[in-house]
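Undergrad: This structure is in structure tokens; I'll ask about it shortly.
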Amino acid sequence: MATGNCNNHPPAVFFPSDGVGVETAKEICSSCPVKEECLEYALEHRVDHGVWGATSERQRRRILKARRAERARKALAASREPDATTEAFAS
Ligand code: SF4
């Protein structure tokens, strides 16, 4: 955050109480040089309040849900792939 655009704004701007405030904060974040890192930090630490990395709380919940679904899909696909041991006995 030391190099983020939020350095020039009061912290309360990033913890808005309404949709207009969320959009204002997201606009400030949109040109932030550390936007991606900020978002990943918030996702990794399950920060569920405020605007981080140009995302609202709801958007971060959706991102996490999509990532969980993708991991589950990949795990399922991997579990269906025959491994080398199975293939060796099959031939
Ligand atoms: S992306 Fe993160 S670091 Fe950048 S302005 Fe927004 S809250 Fe601050």
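Every chain in the structure tokens has a letter given in the order shown (A, B, ...), and although residue numbers restart at 1 in each chain, ligands are simply numbered from 1 in the order shown.
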Would you pick out the contacts of range 29-37 of chain A at 6 Å or less, using only C-alpha atoms, so that residues sharing its chain but fewer than 5 positions from it are not included, and give the list as a PyMOL selection string?

TA: chain A and resi 4-5+53-54

Undergrad: Listing only residues of chain A within 12 Å of ligand 1, what is the closest atom pair and its distance in Å (to one decimal) for each, using only C-alpha atoms and all ligand atoms, sorted by chain and residue number ascending, as a Markdown table?

TA:
| residue | atom | partner | partner_atom_place_in_ligand_line | distance |
| --- | --- | --- | --- | --- |
| A:Met1 | CA | ligand 1 | 3 (S) | 4.4 |
| A:Ala2 | CA | ligand 1 | 3 (S) | 7.5 |
| A:Thr3 | CA | ligand 1 | 3 (S) | 7.0 |
| A:Gly4 | CA | ligand 1 | 3 (S) | 3.9 |
| A:Asn5 | CA | ligand 1 | 5 (S) | 4.0 |
| A:Cys6 | CA | ligand 1 | 5 (S) | 4.0 |
| A:Asn7 | CA | ligand 1 | 8 (Fe) | 6.9 |
| A:Asn8 | CA | ligand 1 | 5 (S) | 8.7 |
| A:His9 | CA | ligand 1 | 5 (S) | 8.6 |
| A:Pro10 | CA | ligand 1 | 8 (Fe) | 10.4 |
| A:Pro11 | CA | ligand 1 | 7 (S) | 8.9 |
| A:Ala12 | CA | ligand 1 | 7 (S) | 10.9 |
| A:Val13 | CA | ligand 1 | 7 (S) | 9.4 |
| A:Phe14 | CA | ligand 1 | 7 (S) | 6.6 |
| A:Phe15 | CA | ligand 1 | 7 (S) | 9.6 |
| A:Pro16 | CA | ligand 1 | 7 (S) | 12.0 |
| A:Val22 | CA | ligand 1 | 6 (Fe) | 11.0 |
| A:Glu23 | CA | ligand 1 | 6 (Fe) | 11.5 |
| A:Thr24 | CA | ligand 1 | 6 (Fe) | 10.5 |
| A:Ala25 | CA | ligand 1 | 6 (Fe) | 7.0 |
| A:Lys26 | CA | ligand 1 | 6 (Fe) | 6.8 |
| A:Glu27 | CA | ligand 1 | 6 (Fe) | 8.5 |
| A:Ile28 | CA | ligand 1 | 5 (S) | 5.8 |
| A:Cys29 | CA | ligand 1 | 6 (Fe) | 3.7 |
| A:Ser30 | CA | ligand 1 | 1 (S) | 6.9 |
| A:Ser31 | CA | ligand 1 | 4 (Fe) | 7.8 |
| A:Cys32 | CA | ligand 1 | 4 (Fe) | 4.5 |
| A:Pro33 | CA | ligand 1 | 4 (Fe) | 6.7 |
| A:Val34 | CA | ligand 1 | 4 (Fe) | 5.4 |
| A:Lys35 | CA | ligand 1 | 1 (S) | 3.8 |
| A:Glu36 | CA | ligand 1 | 1 (S) | 7.1 |
| A:Glu37 | CA | ligand 1 | 2 (Fe) | 7.7 |
| A:Cys38 | CA | ligand 1 | 2 (Fe) | 4.5 |
| A:Leu39 | CA | ligand 1 | 2 (Fe) | 6.7 |
| A:Glu40 | CA | ligand 1 | 2 (Fe) | 9.7 |
| A:Tyr41 | CA | ligand 1 | 2 (Fe) | 9.0 |
| A:Ala42 | CA | ligand 1 | 2 (Fe) | 8.8 |
| A:Leu43 | CA | ligand 1 | 2 (Fe) | 11.8 |
| A:Val47 | CA | ligand 1 | 7 (S) | 11.6 |
| A:His49 | CA | ligand 1 | 7 (S) | 11.2 |
| A:Gly50 | CA | ligand 1 | 7 (S) | 8.4 |
| A:Val51 | CA | ligand 1 | 7 (S) | 6.0 |
| A:Trp52 | CA | ligand 1 | 7 (S) | 4.2 |
| A:Gly53 | CA | ligand 1 | 1 (S) | 3.5 |
| A:Ala54 | CA | ligand 1 | 1 (S) | 5.5 |
| A:Thr55 | CA | ligand 1 | 1 (S) | 8.3 |
| A:Ser56 | CA | ligand 1 | 7 (S) | 10.3 |

Undergrad: To one decimal place in Å, what is the distance between CA of Leu64 in chain A and CA of Arg80 in chain A?

TA: 24.5 Å

Undergrad: Run DSSP on the backbone of this structure and report the residues of range 3-79 of chain A it assigns to helix (DSSP H, G or I), as a ChimeraX atom specification.

TA: /A:5-8,11-14,19-30,35-44,57-79

Undergrad: Using C-alpha atoms, can you write the selected residues to a file as a compact mmCIF listing (two decimals), in the first residue's frame?

TA:
# COMPACT_ATOMS: atom_id res chain seq x y z
CA ASN A 5 -2.79 5.12 -5.18
CA CYS A 6 -4.58 4.88 -1.84
CA ASN A 7 -1.55 6.49 -0.25
CA ASN A 8 -3.04 9.81 -1.37
CA PRO A 11 -8.42 4.99 4.39
CA ALA A 12 -12.16 5.47 4.83
CA VAL A 13 -12.48 5.96 1.06
CA PHE A 14 -11.66 2.27 0.63
CA GLY A 19 -22.35 1.66 -3.97
CA VAL A 20 -21.29 5.15 -4.99
CA GLY A 21 -18.42 4.94 -2.54
CA VAL A 22 -17.43 1.54 -3.89
CA GLU A 23 -17.30 2.88 -7.43
CA THR A 24 -15.23 5.88 -6.28
CA ALA A 25 -12.71 3.61 -4.59
CA LYS A 26 -12.58 1.24 -7.57
CA GLU A 27 -11.88 4.20 -9.85
CA ILE A 28 -8.90 5.20 -7.68
CA CYS A 29 -7.67 1.60 -7.72
CA SER A 30 -8.09 1.24 -11.47
CA LYS A 35 -3.55 -3.35 -8.23
CA GLU A 36 -2.90 -7.03 -9.01
CA GLU A 37 -0.74 -7.59 -5.93
CA CYS A 38 -3.32 -5.82 -3.78
CA LEU A 39 -6.11 -8.03 -5.08
CA GLU A 40 -4.10 -11.21 -4.57
CA TYR A 41 -3.26 -10.14 -1.01
CA ALA A 42 -6.94 -9.57 -0.24
CA LEU A 43 -7.91 -12.90 -1.78
CA GLU A 44 -5.14 -14.83 -0.04
CA GLU A 57 -16.34 -7.46 -1.42
CA ARG A 58 -18.91 -9.18 -3.63
CA GLN A 59 -16.51 -9.37 -6.57
CA ARG A 60 -13.82 -10.97 -4.41
CA ARG A 61 -16.30 -13.56 -3.13
CA ARG A 62 -17.14 -14.38 -6.75
CA ILE A 63 -13.46 -14.66 -7.70
CA LEU A 64 -12.81 -17.02 -4.78
CA LYS A 65 -15.85 -19.10 -5.66
CA ALA A 66 -14.75 -19.33 -9.30
CA ARG A 67 -11.22 -20.33 -8.27
CA ARG A 68 -12.57 -23.04 -5.95
CA ALA A 69 -14.77 -24.37 -8.74
CA GLU A 70 -11.82 -24.39 -11.14
CA ARG A 71 -9.62 -26.25 -8.64
CA ALA A 72 -12.38 -28.80 -8.07
CA ARG A 73 -12.85 -29.23 -11.83
CA LYS A 74 -9.12 -29.80 -12.31
CA ALA A 75 -8.94 -32.23 -9.39
CA LEU A 76 -11.84 -34.21 -10.81
CA ALA A 77 -10.26 -34.26 -14.27
CA ALA A 78 -6.94 -35.40 -12.78
CA SER A 79 -8.63 -38.17 -10.81
